[in-house]
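Only one structure is covered here, and it is reproduced in the block below.
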Amino acid sequence: MQKTNAMRMLDKAKLKYDIQEYEVDENDLSGVHVAAQIRQDPETVFKTLVARGEKRGIVVFCIPVGLEIDLKKAARAIGDKKIEMVHVKELLGLTGYIRGGCSPVGMKKKYPTWFHATAAEHEKIAVSAGVRGAQIIIDPAVLIKFTEAETADLCREE
């Protein structure tokens with residue numbers, strides 16, 4: 001597999017991670033499907049979502065693939081009144097990544113980033129490597145520090 005921008009950035013920072021490749025199913029790009037493909041608990045596989053805050057502008061959220069973001073909780077976490085998800089058509093231009101391959105590492109610009117609070121409870125988590133078909137497996141504390149992210153309760157109650 002070719003190195004992605006996310007992998008190159010982690011390598012440059014001399015951070016330890018593993019890559020887990022999987023077969024992409026264009027008919028099912030869901031994170032839950034990815035978790036099943038890489039044989040990981042969906043609670044430890046995080047999807048990267050991009051939103052726009054009223055005041056803050058573009059922000060990034062990483063949440064477990066089996067959960068849904070709570071826009072009110074997320075807005076409170078970033079100190080904004082209201083946020084909305086960016087349209088999938090905007091994703092590539094803003095981040096350099098496509099849907100199903102969006103990583104919190106190596107976006108075109110450094111956006112404020114938040115991880116769902118449960119990330120810190122796990123020894124390792126998975127996030128997109130920046131392409132469909134590959135996940136970065138990494139210590140969440142290392143990733144949160146590297147991305148200068150914060151943690152907060154961002155998800156709807158199950």
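Just so we're on the same page: first chain in the structure tokens is A, next is B, and so on; residues restart at 1 for each chain, and ligands are numbered from 1 in the order they show up.
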Nearby residues (only C-alpha atoms) at most 12 Å from Tyr17 (chain A), same-chain spacing under 3 positions excluded, as an mmCIF file with C-alpha atoms, in the first residue's frame:
```cif
data_model
loop_
_atom_site.group_PDB
_atom_site.id
_atom_site.type_symbol
_atom_site.label_atom_id
_atom_site.label_comp_id
_atom_site.auth_asym_id
_atom_site.auth_seq_id
_atom_site.Cartn_x
_atom_site.Cartn_y
_atom_site.Cartn_z
ATOM 1 C CA ALA A 6 -1.764 10.891 7.200
ATOM 2 C CA MET A 7 0.813 8.079 7.404
ATOM 3 C CA ARG A 8 3.646 10.356 6.273
ATOM 4 C CA MET A 9 2.757 12.907 8.961
ATOM 5 C CA LEU A 10 2.694 10.245 11.696
ATOM 6 C CA ASP A 11 6.004 8.825 10.383
ATOM 7 C CA ALA A 13 6.544 12.730 14.022
ATOM 8 C CA LYS A 14 7.993 9.245 14.770
ATOM 9 C CA GLN A 20 -5.194 -2.406 8.750
ATOM 10 C CA LYS A 124 -6.065 1.438 20.565
ATOM 11 C CA ILE A 125 -8.540 3.046 18.200
ATOM 12 C CA ALA A 126 -8.871 3.008 14.417
ATOM 13 C CA VAL A 127 -9.301 6.061 12.191
ATOM 14 C CA ALA A 129 -5.670 6.364 6.954
ATOM 15 C CA GLN A 135 -7.366 2.263 8.790
ATOM 16 C CA ILE A 136 -4.693 3.589 11.160
ATOM 17 C CA ILE A 137 -4.624 1.683 14.458
ATOM 18 C CA ILE A 138 -3.102 3.922 17.134
ATOM 19 C CA ASP A 139 -3.052 4.768 20.839
ATOM 20 C CA PRO A 140 -5.828 7.365 21.241
ATOM 21 C CA VAL A 142 -1.027 9.750 21.086
ATOM 22 C CA LEU A 143 -3.491 10.668 18.321
#
```
Could you please write out, as a PyMOL selection string, every residue of region 9-132 of chain A that DSSP assigns to alpha helix (DSSP H)? chain A and resi 9-12+31-37+71-78+88-95
Grab the residues selected above and save them as a JSON list (two decimals), in the first residue's frame with C-alpha atoms.
```json
[["chain", "number", "residue", "atom", "x", "y", "z"],
["A", 9, "MET", "CA", 2.76, 12.91, 8.96],
["A", 10, "LEU", "CA", 2.69, 10.24, 11.70],
["A", 11, "ASP", "CA", 6.00, 8.82, 10.38],
["A", 12, "LYS", "CA", 7.60, 12.28, 10.39],
["A", 31, "GLY", "CA", -18.03, 2.68, 9.48],
["A", 32, "VAL", "CA", -19.83, -0.28, 11.02],
["A", 33, "HIS", "CA", -19.08, -2.24, 7.84],
["A", 34, "VAL", "CA", -15.43, -1.14, 8.02],
["A", 35, "ALA", "CA", -15.24, -2.26, 11.67],
["A", 36, "ALA", "CA", -16.56, -5.70, 10.67],
["A", 37, "GLN", "CA", -14.07, -5.88, 7.78],
["A", 71, "LEU", "CA", -25.34, 18.47, 16.92],
["A", 72, "LYS", "CA", -26.45, 20.31, 20.08],
["A", 73, "LYS", "CA", -23.84, 18.58, 22.26],
["A", 74, "ALA", "CA", -21.19, 19.12, 19.59],
["A", 75, "ALA", "CA", -22.06, 22.83, 19.31],
["A", 76, "ARG", "CA", -21.81, 23.20, 23.10],
["A", 77, "ALA", "CA", -18.46, 21.39, 23.08],
["A", 78, "ILE", "CA", -16.99, 23.87, 20.62],
["A", 88, "VAL", "CA", -20.27, 15.78, 1.02],
["A", 89, "LYS", "CA", -19.54, 17.87, -2.13],
["A", 90, "GLU", "CA", -17.46, 20.27, 0.02],
["A", 91, "LEU", "CA", -15.43, 17.56, 1.76],
["A", 92, "LEU", "CA", -12.62, 17.12, -0.79],
["A", 93, "GLY", "CA", -12.09, 20.86, -1.22],
["A", 94, "LEU", "CA", -11.95, 21.50, 2.52],
["A", 95, "THR", "CA", -9.99, 18.46, 3.67]]
```
Residue set, region 5-65 of chain A restricted to strand (DSSP E), as number ranges by chain: A: 18-21, 46-53, 57-64
Which residues are near Ile63 (chain A)? Cut-off 9 Å, only C-alpha atoms, ignore same chain within fewer than 3 positions. Put them as a VMD selection string. chain A and resid 43 45 to 49 66 to 69 114 to 119 154 to 155
For each of A:Cys102, A:Val59, A:Ala152, A:Ile144, take the minimum atom-to-atom distance to Gly130 (chain A), counting only C-alpha atoms, then give the residue where this is smallest.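 Closest to Gly130 (chain A), using only C-alpha atoms: A:Cys102.
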So the first atom is CA of Pro112 (chain A) and the second is CA of Lys16 (chain A); what is the distance between them in Å, to one decimal place?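 Value for the CA of Pro112 (chain A)-CA of Lys16 (chain A) distance: 22.8 Å.
Between CA of Ile98 (chain A) and CA of Asp153 (chain A) the separation is 25.6 Å.
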May I ask which of the residues A:Arg132, A:Ala141, A:Pro104, A:Glu150 is the closest one to Glu21 (chain A), counting only C-alpha atoms?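 Looking only at the distances to Glu21 (chain A), the closest residue turns out to be A:Arg132.
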Could you pull the residues within 8 Å of Arg52 (chain A), counting only C-alpha atoms, minus those fewer than 4 positions along the same chain, as a ChimeraX atom specification? /A:56-59,83-86
Okay, now the selection with N, CA and C atoms, as a short mmCIF file (atom, residue, chain, number, x, y, z; two decimals), in the first residue's frame?
```cif
data_model
loop_
_atom_site.label_atom_id
_atom_site.label_comp_id
_atom_site.auth_asym_id
_atom_site.auth_seq_id
_atom_site.Cartn_x
_atom_site.Cartn_y
_atom_site.Cartn_z
N ARG A 56 -17.31 29.42 14.82
CA ARG A 56 -16.00 28.76 14.74
C ARG A 56 -15.57 28.38 13.35
N GLY A 57 -16.53 28.30 12.43
CA GLY A 57 -16.17 27.86 11.08
C GLY A 57 -16.02 26.34 11.04
N ILE A 58 -15.08 25.86 10.23
CA ILE A 58 -14.91 24.41 10.01
C ILE A 58 -14.29 23.76 11.24
N VAL A 59 -14.92 22.66 11.68
CA VAL A 59 -14.44 21.88 12.81
C VAL A 59 -14.54 20.40 12.45
N ILE A 83 -24.30 24.24 14.85
CA ILE A 83 -23.40 23.71 13.83
C ILE A 83 -24.22 22.90 12.83
N GLU A 84 -23.65 22.74 11.66
CA GLU A 84 -24.27 21.86 10.67
C GLU A 84 -23.16 21.08 9.97
N MET A 85 -23.50 19.89 9.53
CA MET A 85 -22.52 19.07 8.82
C MET A 85 -22.25 19.70 7.45
N VAL A 86 -21.00 19.64 6.99
CA VAL A 86 -20.71 20.15 5.65
C VAL A 86 -21.25 19.15 4.63
#
```
With only C-alpha atoms as the basis for distance, which of A:Pro64, A:Gly79, A:Gly133, A:Pro42 is at the shortest distance from Arg99 (chain A)?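 Comparing A:Pro64, A:Gly79, A:Gly133, A:Pro42 against Arg99 (chain A), the winner is A:Gly133.
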